[in-house]
$ cat structure30.cif   # mmCIF, C-alpha atoms
data_work
#
loop_
_atom_site.label_atom_id
_atom_site.label_comp_id
_atom_site.auth_asym_id
_atom_site.auth_seq_id
_atom_site.Cartn_x
_atom_site.Cartn_y
_atom_site.Cartn_z
CA ALA A 1 116.20 90.99 102.41
CA ARG A 2 117.50 87.63 101.13
CA ALA A 3 121.07 88.97 101.28
CA ARG A 4 120.56 90.02 104.90
CA LYS A 5 119.20 86.56 105.80
CA GLN A 6 122.27 84.96 104.25
CA GLY A 7 124.56 87.35 106.13
CA THR A 8 125.72 89.19 103.03
CA THR A 9 125.09 92.70 101.77
CA THR A 10 125.26 94.16 98.28
CA ARG A 11 127.23 97.39 98.13
CA PRO A 12 125.83 99.91 95.61
CA ALA A 13 128.17 100.81 92.79
CA GLY A 14 130.42 103.71 93.66
CA TYR A 15 130.35 103.22 97.43
CA ASP A 16 133.98 102.18 97.68
CA LEU A 17 137.42 103.71 98.14
CA GLN A 18 137.70 104.55 94.47
CA GLY A 19 134.38 106.41 94.50
CA CYS A 20 135.32 108.23 97.71
CA LEU A 21 138.64 109.40 96.25
CA ALA A 22 137.00 110.40 92.96
CA HIS A 23 134.58 112.63 94.89
CA ALA A 24 137.19 114.08 97.27
CA LEU A 25 139.78 114.79 94.57
CA TYR A 26 137.50 115.74 91.67
CA ALA A 27 139.62 118.37 89.92
CA PRO A 28 136.96 120.94 88.85
CA LEU A 29 135.63 121.26 92.42
CA TYR A 30 138.72 120.42 94.46
CA VAL A 31 140.07 123.93 95.12
CA ALA A 32 137.33 126.47 94.53
CA GLY A 33 134.27 124.60 93.44
CA PRO A 34 130.81 124.40 94.97
CA VAL A 35 130.18 121.78 97.64
CA VAL A 36 128.49 118.80 96.01
CA ALA A 37 127.22 115.90 98.12
CA PHE A 38 128.67 112.45 97.50
CA ASP A 39 125.35 110.95 96.40
CA ALA A 40 124.73 113.78 93.94
CA PHE A 41 128.24 113.36 92.56
CA ARG A 42 127.91 109.57 92.31
CA ASN A 43 124.52 109.77 90.60
CA SER A 44 125.57 112.40 88.06
CA LYS A 45 125.29 111.12 84.52
CA SER A 46 127.67 112.18 81.77
CA LYS A 47 125.74 114.25 79.28
CA PRO A 48 126.68 115.98 76.04
CA ILE A 49 127.62 119.65 76.26
CA SER A 50 124.50 121.76 75.78
CA GLY A 51 123.84 125.32 74.72
CA GLY A 52 123.09 126.14 78.34
CA ASP A 53 126.58 125.02 79.37
CA VAL A 54 128.18 127.22 76.71
CA SER A 55 125.97 130.17 77.65
CA TYR A 56 126.87 129.76 81.32
CA ALA A 57 130.59 129.69 80.50
CA LEU A 58 130.30 132.84 78.36
CA ARG A 59 128.44 134.66 81.12
CA THR A 60 131.16 133.57 83.54
CA LEU A 61 133.76 135.19 81.29
CA ILE A 62 131.69 138.39 81.28
CA VAL A 63 131.72 138.36 85.08
CA GLY A 64 135.52 137.96 85.01
CA GLY A 65 135.90 140.85 82.58
CA PHE A 66 133.68 143.06 84.70
CA LEU A 67 135.68 142.14 87.81
CA GLU A 68 138.92 143.15 86.07
CA LEU A 69 137.38 146.45 84.98
CA VAL A 70 136.07 147.24 88.47
CA LEU A 71 139.39 146.44 90.15
CA ARG A 72 141.22 148.72 87.75
CA ARG A 73 138.85 151.57 88.52
CA CYS A 74 138.51 150.85 92.25
CA PRO A 75 141.32 148.78 93.82
CA ALA A 76 139.20 147.88 96.86
CA PHE A 77 141.38 144.98 98.02
CA ALA A 78 144.58 147.03 97.80
CA LEU A 79 143.00 149.84 99.80
CA GLY A 80 141.84 147.36 102.42
CA ALA A 81 145.21 145.58 102.69
CA SER A 82 147.17 148.83 102.95
CA GLY A 83 144.93 150.29 105.64
CA ALA A 84 144.48 153.50 103.64
CA PHE A 85 140.71 153.31 104.13
CA ARG A 86 141.18 154.18 107.82
CA ARG A 87 141.81 157.80 106.80
CA LEU A 88 138.34 158.08 105.28
CA GLU A 89 135.45 159.95 106.86
CA ALA A 90 132.59 157.89 108.28
CA VAL A 91 130.32 158.30 105.24
CA ASP A 92 133.15 157.54 102.81
CA MET A 93 134.15 154.50 104.86
CA ALA A 94 130.58 153.19 104.69
CA ALA A 95 130.63 153.66 100.92
CA PHE A 96 133.99 151.89 100.75
CA ALA A 97 132.59 148.94 102.74
CA PHE A 98 129.59 148.72 100.41
CA VAL A 99 131.79 148.77 97.30
CA THR A 100 134.17 146.20 98.80
CA ILE A 101 131.46 143.65 99.54
CA ASN A 102 130.14 144.02 95.99
CA VAL A 103 133.64 143.53 94.54
CA LEU A 104 134.08 140.55 96.86
CA TRP A 105 130.85 139.10 95.47
CA LEU A 106 132.22 139.50 91.93
CA LYS A 107 135.49 137.80 92.87
CA PHE A 108 133.85 134.75 94.44
CA CYS A 109 131.19 134.64 91.73
CA PHE A 110 133.84 134.43 89.01
CA MET A 111 135.96 131.91 90.91
CA TRP A 112 133.10 129.57 91.75
CA ARG A 113 131.44 129.83 88.34
CA VAL A 114 134.69 128.95 86.57
CA ALA A 115 134.80 125.78 88.68
CA ARG A 116 131.10 125.05 88.07
CA SER A 117 131.50 125.65 84.33
CA TRP A 118 134.37 123.18 84.19
CA ALA A 119 132.29 120.60 86.06
CA ARG A 120 129.28 121.14 83.79
CA PHE A 121 131.42 120.51 80.71
CA ASP A 122 132.45 117.24 82.40
CA GLY A 123 128.84 116.18 82.96
CA VAL A 124 128.57 117.11 86.67
CA ASP A 125 126.15 119.91 87.58
CA PRO A 126 126.92 121.21 91.09
CA PRO A 127 124.68 123.83 92.72
CA GLU A 128 125.10 127.54 92.02
CA ASN A 129 127.04 129.29 94.77
CA MET A 130 126.08 132.91 94.14
CA GLY A 131 122.34 132.70 93.60
CA ARG A 132 121.54 136.36 94.17
CA PHE A 133 123.43 139.62 93.84
CA VAL A 134 124.35 141.57 96.98
CA CYS A 135 121.72 144.26 96.36
CA ASP A 136 119.09 141.70 95.35
CA ASN A 137 118.41 140.51 98.89
CA PHE A 138 115.74 141.55 101.36
CA ALA A 139 117.07 140.09 104.62
CA ALA A 140 120.34 138.95 106.18
CA ALA A 141 119.13 135.34 106.30
CA GLY A 142 118.36 135.41 102.58
CA PHE A 143 121.71 137.00 101.87
CA TRP A 144 123.55 134.11 103.51
CA ARG A 145 121.43 131.54 101.67
CA GLY A 146 122.60 133.04 98.41
CA TRP A 147 126.26 133.60 99.36
CA HIS A 148 128.19 130.33 98.94
CA GLY A 149 124.85 128.60 98.51
CA SER A 150 126.24 125.07 98.28
CA PHE A 151 128.02 125.49 101.62
CA ASN A 152 124.76 126.82 103.07
CA ARG A 153 123.00 123.63 101.95
CA TRP A 154 125.74 121.54 103.57
CA LEU A 155 125.40 123.47 106.82
CA VAL A 156 121.62 123.04 106.84
CA ALA A 157 121.88 119.30 106.18
CA TYR A 158 124.73 118.41 108.54
CA VAL A 159 124.72 121.07 111.27
CA TYR A 160 121.42 122.97 111.47
CA ARG A 161 118.84 120.19 111.02
CA PRO A 162 120.57 117.66 113.30
CA LEU A 163 120.59 120.29 116.05
CA LEU A 164 116.86 120.93 115.64
CA GLY A 165 115.89 117.36 116.35
CA ALA A 166 112.27 116.23 116.23
CA LYS A 167 110.87 119.30 118.01
CA ALA A 168 111.92 122.45 116.15
CA SER A 169 110.88 125.12 118.63
CA SER A 170 111.71 128.80 118.10
CA VAL A 171 114.33 128.72 120.85
CA ARG A 172 115.93 125.64 119.38
CA ARG A 173 116.00 127.22 115.90
CA LEU A 174 117.69 130.29 117.32
CA ALA A 175 120.25 128.22 119.21
CA ALA A 176 120.99 126.14 116.10
CA THR A 177 121.52 129.33 114.08
CA GLY A 178 124.03 130.54 116.66
CA VAL A 179 125.95 127.26 116.47
CA VAL A 180 126.01 127.45 112.67
CA PHE A 181 127.52 130.94 112.65
CA ALA A 182 130.07 129.90 115.30
CA PHE A 183 131.00 126.88 113.17
CA VAL A 184 131.39 129.03 110.05
CA ALA A 185 133.61 131.48 111.93
CA LEU A 186 135.78 128.58 113.16
CA TRP A 187 135.80 127.06 109.67
CA HIS A 188 137.23 130.27 108.19
CA ASP A 189 139.81 130.83 110.92
CA ALA A 190 139.81 130.78 114.72
CA ARG A 191 140.24 134.52 115.17
CA PRO A 192 138.29 136.75 117.58
CA LYS A 193 137.09 139.14 114.86
CA LEU A 194 135.45 136.28 112.98
CA PHE A 195 133.55 135.20 116.09
CA VAL A 196 132.42 138.83 116.46
CA TRP A 197 131.30 138.67 112.82
CA GLY A 198 129.34 135.50 113.60
CA LEU A 199 127.76 137.09 116.67
CA VAL A 200 126.66 140.18 114.69
CA ASN A 201 125.06 138.03 111.99
CA PHE A 202 123.42 135.79 114.58
CA VAL A 203 121.84 138.85 116.22
CA LEU A 204 120.66 140.22 112.83
CA VAL A 205 119.09 136.92 111.77
CA GLY A 206 117.52 136.47 115.20
CA LEU A 207 115.96 139.93 115.12
CA GLU A 208 114.63 139.30 111.62
CA ARG A 209 112.88 136.17 112.82
CA VAL A 210 111.41 137.85 115.87
CA VAL A 211 109.88 140.75 113.89
CA GLY A 212 108.91 138.59 110.90
CA VAL A 213 111.21 140.17 108.31
CA GLU A 214 112.74 136.85 107.26
CA ALA A 215 109.37 135.21 106.54
CA ARG A 216 108.18 138.18 104.44
CA ALA A 217 111.48 138.32 102.54
CA ARG A 218 111.31 134.58 101.83
CA ARG A 219 107.81 134.96 100.35
CA VAL A 220 109.02 137.78 98.07
CA VAL A 221 111.92 135.65 96.82
CA GLU A 222 109.68 132.60 96.28
CA ARG A 223 107.22 134.66 94.22
CA ALA A 224 110.05 136.10 92.11
CA GLY A 225 111.49 132.65 91.39
CA PRO A 226 115.17 131.77 90.76
CA PRO A 227 117.35 134.35 88.96
CA ALA A 228 117.57 133.95 85.19
CA TRP A 229 121.34 133.33 85.30
CA ASP A 230 120.98 130.25 87.53
CA THR A 231 120.59 127.94 84.55
#

$ encode --input "structure30.cif" --output "structure tokens"
Amino acid sequence: ARARKQGTTTRPAGYDLQGCLAHALYAPLYVAGPVVAFDAFRNSKSKPISGGDVSYALRTLIVGGFLELVLRRCPAFALGASGAFRRLEAVDMAAFAFVTINVLWLKFCFMWRVARSWARFDGVDPPENMGRFVCDNFAAAGFWRGWHGSFNRWLVAYVYRPLLGAKASSVRRLAATGVVFAFVALWHDARPKLFVWGLVNFVLVGLERVVGVEARARRVVERAGPPAWDT
């Protein structure tokens, strides 16, 4: 208050160009790491490496080994890129899609956990990106909370909640959800198929809210607690 009366302000430590560049260019999280807010990054305290950090890194290596094994047995990405899957029957194509999304989960899980492990060894603990396995979800909304979880938190804080405003009616929540999926589609790439993807997910999440599936699924997840590997 005294500084304001005198026409001066005291800038908190870290709120300068150096702190901004340190956050934006932080090597462990620059390319593939979880999204960590500036305040959380600035307030992180260097801590000695713990047994939990070592355990997390070892489990990350296990995920990488399992990914390598799965890709050798089922080259899902090669089949998708070559277009060979188009010759499959409908049931086989559905099975291929299910396997592919699970392999995709493994790929992103390994990539993001390598980055998070590196950051944890440096004293920064960003949020877990893959909080739940593909088959460990009970609703589409819950699935997207657990897939790239740090990005989901960013979207909620900077896109979804500002759109809700003071009066969060059901219609406004639904409209905000639609804007979020449109933003995510544009963020990935401005291609028509991605906007179709966003529309499909918007419809699924909207239907879940209307019939009450999302609320019931959220209660199940809250009772179960966080997964054991998110430590």

$ resolve_selection --input "structure30.cif" --expression "the PyMOL selection byres ((chain A and resi 122) around 10)" --output "list in words"
Pro28, Lys45, Ser46, Lys47, Pro48, Ile49, Arg116, Ser117, Trp118, Ala119, Arg120, Phe121, Gly123, Val124 and Asp125 of chain A

$ write_last_selection --input "structure30.cif" --atoms "C-alpha atoms" --output "PDB file, in the coordinates of the input"
ATOM      1  CA  PRO A  28     136.960 120.940  88.850  1.00  0.00           C
ATOM      2  CA  LYS A  45     125.290 111.120  84.520  1.00  0.00           C
ATOM      3  CA  SER A  46     127.670 112.180  81.770  1.00  0.00           C
ATOM      4  CA  LYS A  47     125.740 114.250  79.280  1.00  0.00           C
ATOM      5  CA  PRO A  48     126.680 115.980  76.040  1.00  0.00           C
ATOM      6  CA  ILE A  49     127.620 119.650  76.260  1.00  0.00           C
ATOM      7  CA  ARG A 116     131.100 125.050  88.070  1.00  0.00           C
ATOM      8  CA  SER A 117     131.500 125.650  84.330  1.00  0.00           C
ATOM      9  CA  TRP A 118     134.370 123.180  84.190  1.00  0.00           C
ATOM     10  CA  ALA A 119     132.290 120.600  86.060  1.00  0.00           C
ATOM     11  CA  ARG A 120     129.280 121.140  83.790  1.00  0.00           C
ATOM     12  CA  PHE A 121     131.420 120.510  80.710  1.00  0.00           C
ATOM     13  CA  GLY A 123     128.840 116.180  82.960  1.00  0.00           C
ATOM     14  CA  VAL A 124     128.570 117.110  86.670  1.00  0.00           C
ATOM     15  CA  ASP A 125     126.150 119.910  87.580  1.00  0.00           C
TER      16      ASP A 125
END

$ residues_around --input "structure30.cif" --residues "Pro126 in chain A" --least-positions-apart "4" --cutoff "9 Å" --atoms "only C-alpha atoms" --output "VMD selection string"
chain A and resid 29 33 to 37 40 to 41 116 119 to 120 150

$ atom_distance --input "structure30.cif" --atom1 "CA of Phe202 in chain A" --atom2 "CA of Gly178 in chain A"
5.7 Å

$ closest_residue --input "structure30.cif" --among "A:Cys74, A:Gly206, A:Phe143, A:Ala32" --to "Ser170 in chain A" --atoms "all atoms listed in the file"
A:Gly206

$ closest_residue --input "structure30.cif" --among "A:Arg42, A:Arg86, A:Arg59, A:His148" --to "Val184 in chain A" --atoms "only C-alpha atoms"
A:His148

$ residues_around --input "structure30.cif" --residues "range 98-101 of chain A" --least-positions-apart "5" --cutoff "8 Å" --atoms "all atoms listed in the file" --output "list of chain:residue names"
A:Ala76, A:Phe77, A:Val134

$ atom_distance --input "structure30.cif" --atom1 "CA of Leu204 in chain A" --atom2 "CA of Leu67 in chain A"
29.2 Å

$ resolve_selection --input "structure30.cif" --expression "the PyMOL selection byres ((chain A and resi 160-162) around 12)" --output "MDAnalysis selection string"
chainID A and resid 152:159 163:168 172:184

$ atom_distance --input "structure30.cif" --atom1 "CA of Gly149 in chain A" --atom2 "CA of Glu128 in chain A"
6.6 Å

$ resolve_selection --input "structure30.cif" --expression "the PyMOL selection byres ((chain A and resi 135) around 12)" --output "list in words"
Phe98, Val99, Ile101, Asn102, Trp105, Gly131, Arg132, Phe133, Val134, Asp136, Asn137, Phe138, Ala139, Ala140, Gly142, Phe143, Gly146 and Trp147 of chain A

$ closest_residue --input "structure30.cif" --among "A:Leu106, A:Asp39, A:Ser82, A:Val211" --to "Pro12 in chain A" --atoms "only C-alpha atoms"
A:Asp39

$ residues_around --input "structure30.cif" --residues "Phe110 in chain A" --least-positions-apart "2" --cutoff "9 Å" --atoms "all atoms listed in the file" --output "number ranges by chain"
A: 60-64, 67, 105-108, 112-115
